[in-house]
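Okay, entry_4.pdb is below, PDB, C-alpha atoms:
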ATOM      1  CA  MET A   1      72.682  88.169 103.758
ATOM      2  CA  LYS A   2      70.753  86.294 101.078
ATOM      3  CA  GLU A   3      72.295  85.797  97.670
ATOM      4  CA  ASP A   4      69.056  86.703  95.904
ATOM      5  CA  GLY A   5      68.154  89.892  97.756
ATOM      6  CA  PRO A   6      68.332  93.464  96.469
ATOM      7  CA  LEU A   7      71.803  94.067  97.917
ATOM      8  CA  VAL A   8      73.423  91.666  95.445
ATOM      9  CA  GLU A   9      72.601  94.020  92.578
ATOM     10  CA  ILE A  10      75.483  96.348  91.707
ATOM     11  CA  ASP A  11      73.250  99.319  90.976
ATOM     12  CA  VAL A  12      71.432  99.018  94.314
ATOM     13  CA  VAL A  13      74.617  98.690  96.352
ATOM     14  CA  SER A  14      76.350 101.565  94.559
ATOM     15  CA  LYS A  15      73.272 103.776  94.968
ATOM     16  CA  LEU A  16      73.224 102.967  98.684
ATOM     17  CA  MET A  17      76.942 103.733  99.077
ATOM     18  CA  PHE A  18      76.489 107.020  97.210
ATOM     19  CA  ALA A  19      73.428 107.988  99.260
ATOM     20  CA  MET A  20      75.359 107.288 102.459
ATOM     21  CA  GLY A  21      78.155 109.569 101.263
ATOM     22  CA  LYS A  22      80.682 106.741 101.094
ATOM     23  CA  ILE A  23      81.554 107.169  97.402
ATOM     24  CA  SER A  24      81.760 110.218  95.152
ATOM     25  CA  MET A  25      79.483 111.011  92.236
ATOM     26  CA  GLU A  26      82.299 110.171  89.777
ATOM     27  CA  THR A  27      82.837 106.767  91.357
ATOM     28  CA  TYR A  28      79.100 106.098  91.372
ATOM     29  CA  ALA A  29      78.942 107.021  87.662
ATOM     30  CA  ASP A  30      81.892 104.750  86.808
ATOM     31  CA  ILE A  31      80.288 101.829  88.642
ATOM     32  CA  GLY A  32      77.090 102.492  86.693
ATOM     33  CA  LEU A  33      79.016 102.486  83.405
ATOM     34  CA  PHE A  34      80.599  99.125  84.218
ATOM     35  CA  ASP A  35      77.197  97.704  85.113
ATOM     36  CA  GLN A  36      75.590  99.049  81.921
ATOM     37  CA  MET A  37      78.424  97.713  79.765
ATOM     38  CA  TYR A  38      78.172  94.297  81.386
ATOM     39  CA  GLU A  39      74.412  94.162  80.754
ATOM     40  CA  TYR A  40      74.827  95.332  77.168
ATOM     41  CA  VAL A  41      77.507  92.734  76.374
ATOM     42  CA  ARG A  42      75.566  89.986  78.133
ATOM     43  CA  GLN A  43      72.451  90.649  76.031
ATOM     44  CA  GLN A  44      74.198  90.637  72.656
ATOM     45  CA  PRO A  45      73.619  87.514  70.542
ATOM     46  CA  GLU A  46      77.203  87.610  69.262
ATOM     47  CA  GLU A  47      80.476  88.199  71.055
ATOM     48  CA  ILE A  48      81.685  91.807  70.974
ATOM     49  CA  SER A  49      85.309  92.383  69.976
ATOM     50  CA  PHE A  50      87.597  94.619  71.981
ATOM     51  CA  GLY A  51      87.908  96.803  68.885
ATOM     52  CA  ASP A  52      84.179  97.572  68.895
ATOM     53  CA  ASP A  53      83.244 101.270  69.087
ATOM     54  CA  MET A  54      81.028 100.527  72.106
ATOM     55  CA  VAL A  55      84.102  99.423  74.079
ATOM     56  CA  TYR A  56      85.946 102.582  73.010
ATOM     57  CA  ASP A  57      83.006 104.755  74.123
ATOM     58  CA  PHE A  58      82.859 102.931  77.446
ATOM     59  CA  ILE A  59      86.548 103.552  78.117
ATOM     60  CA  SER A  60      86.458 107.180  77.035
ATOM     61  CA  ASN A  61      83.548 107.862  79.418
ATOM     62  CA  GLN A  62      85.342 106.569  82.524
ATOM     63  CA  SER A  63      85.942 109.516  84.839
ATOM     64  CA  ASN A  64      88.987 107.903  86.464
ATOM     65  CA  LEU A  65      90.718 107.917  83.045
ATOM     66  CA  ALA A  66      89.957 111.592  82.516
ATOM     67  CA  LYS A  67      92.361 112.457  85.324
ATOM     68  CA  ALA A  68      95.955 113.333  84.422
ATOM     69  CA  GLU A  69      97.456 109.902  85.131
ATOM     70  CA  GLY A  70      94.834 108.157  82.999
ATOM     71  CA  SER A  71      94.913 110.520  80.051
ATOM     72  CA  ILE A  72      98.039 108.881  78.628
ATOM     73  CA  TYR A  73      96.012 105.708  78.078
ATOM     74  CA  LEU A  74      93.274 107.581  76.246
ATOM     75  CA  ASP A  75      95.870 109.355  74.122
ATOM     76  CA  SER A  76      97.466 106.022  73.183
ATOM     77  CA  ILE A  77      94.098 104.492  72.319
ATOM     78  CA  ASN A  78      93.174 107.488  70.172
ATOM     79  CA  GLN A  79      96.473 107.310  68.291
ATOM     80  CA  LEU A  80      95.935 103.650  67.425
ATOM     81  CA  LYS A  81      92.197 103.976  66.818
ATOM     82  CA  TYR A  82      92.589 106.649  64.191
ATOM     83  CA  SER A  83      95.673 105.225  62.487
ATOM     84  CA  SER A  84      95.484 103.115  59.361
ATOM     85  CA  PHE A  85      94.462  99.629  60.461
ATOM     86  CA  ASP A  86      96.371  96.736  59.136
ATOM     87  CA  SER A  87      96.155  93.440  61.003
ATOM     88  CA  PHE A  88      99.170  94.307  63.190
ATOM     89  CA  SER A  89      97.693  97.657  64.244
ATOM     90  CA  GLN A  90      94.320  96.025  64.989
ATOM     91  CA  ALA A  91      95.975  93.452  67.235
ATOM     92  CA  ARG A  92      97.965  96.170  69.037
ATOM     93  CA  TYR A  93      94.824  98.272  69.439
ATOM     94  CA  GLU A  94      92.831  95.406  70.953
ATOM     95  CA  ALA A  95      95.719  94.489  73.278
ATOM     96  CA  LEU A  96      95.866  98.108  74.456
ATOM     97  CA  ILE A  97      92.094  98.136  75.000
ATOM     98  CA  LYS A  98      92.362  94.987  77.163
ATOM     99  CA  THR A  99      95.156  96.553  79.214
ATOM    100  CA  VAL A 100      93.248  99.797  79.719
ATOM    101  CA  LEU A 101      90.100  97.892  80.731
ATOM    102  CA  LYS A 102      92.107  96.010  83.373
ATOM    103  CA  LEU A 103      93.578  99.275  84.620
ATOM    104  CA  CYS A 104      90.086 100.832  84.740
ATOM    105  CA  CYS A 105      88.836  97.957  86.899
ATOM    106  CA  GLU A 106      91.831  98.123  89.217
ATOM    107  CA  GLY A 107      91.598 101.895  89.473
ATOM    108  CA  LEU A 108      87.891 101.794  90.240
ATOM    109  CA  LEU A 109      88.347  99.131  92.911
ATOM    110  CA  GLU A 110      91.150 101.148  94.489
ATOM    111  CA  THR A 111      89.021 104.315  94.410
ATOM    112  CA  VAL A 112      86.029 102.560  95.995
ATOM    113  CA  GLU A 113      88.229 101.070  98.697
ATOM    114  CA  ASN A 114      89.874 104.418  99.477
ATOM    115  CA  GLU A 115      86.581 106.319  99.552
ATOM    116  CA  ILE A 116      84.838 103.782 101.770
ATOM    117  CA  LEU A 117      87.691 103.473 104.251
ATOM    118  CA  ASN A 118      88.343 107.207 104.522
TER     119      ASN A 118
END
Turn the structure described in the file into structure tokens.
Amino acid sequence: MKEDGPLVEIDVVSKLMFAMGKISMETYADIGLFDQMYEYVRQQPEEISFGDDMVYDFISNQSNLAKAEGSIYLDSINQLKYSSFDSFSQARYEALIKTVLKLCCEGLLETVENEILN
């Protein structure tokens, strides 16, 4: 397979997997969110902080975090986000955001793998 063909694009591959019935609509939507966030961040002239509202919106829209086991992460983020921010709270908030982003990636990869293999 060529490295410059259409099947190297995330949106094309995810659309194909969804059309073939290999992944669910929720998984397809989460892949699309990751792709959109990547493109948005890549196009920004300045680096985006993990405390940016766009990152919060991205995380809160992930369907795999809306499930019961992921809701604890959203609850924790909301508690820190809406608390009074001193420098310590800001650092804790951004560290939590990084952790939740890693867990989102791992969860999505696990979901894709399970859906494709089953």
Name all residues at most 12 Å from Met37 of chain A (count only C-alpha atoms; drop same-chain ones fewer than 2 positions away) and give them as a ChimeraX atom specification.
-> /A:30-35,39-44,48,54-59,61-62,101
Starting from the shown file, work through the PyMOL selection byres ((chain A and resi 68-83) around 12) and note down what comes out as an MDAnalysis selection string.
-> chainID A and resid 50:53 55:67 84:104 107:108
Once you add 5 Å to each side, what are the centre and edge lengths of the axis-aligned box holding all listed atoms of segment 51-65 of chain A? One decimal in Å, as lines of an AutoDock Vina configuration file, if you can.
center_x = 85.9
center_y = 103.2
center_z = 77.7
size_x = 19.7
size_y = 22.7
size_z = 27.6
Let me know the residues the PyMOL selection byres ((chain A and resi 28) around 9) catches in the file above, as a list in words.
->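 For this structure, the PyMOL selection byres ((chain A and resi 28) around 9) captures Asp11, Ser14, Lys15, Met17, Phe18, Ile23, Ser24, Met25, Glu26, Thr27, Ala29, Asp30, Ile31, Gly32 and Leu33 of chain A.
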Measure the distance from atom CA of Ala19 of chain A to atom CA of Gln36 of chain A in Å and round it to one decimal.
->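 For atom CA of Ala19 of chain A relative to atom CA of Gln36 of chain A, the distance reads 19.6 Å.
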So which one's closest to Thr111 of chain A, A:Leu16, A:Lys22, A:Tyr38, A:Val8? Using all atoms listed in the file, please.
->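 Among the listed residues, A:Lys22 lies closest to Thr111 of chain A.
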d(atom CA of Leu109 of chain A, atom CA of Pro45 of chain A) in Å |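 Pair atom CA of Leu109 of chain A / atom CA of Pro45 of chain A returns 29.2 Å.
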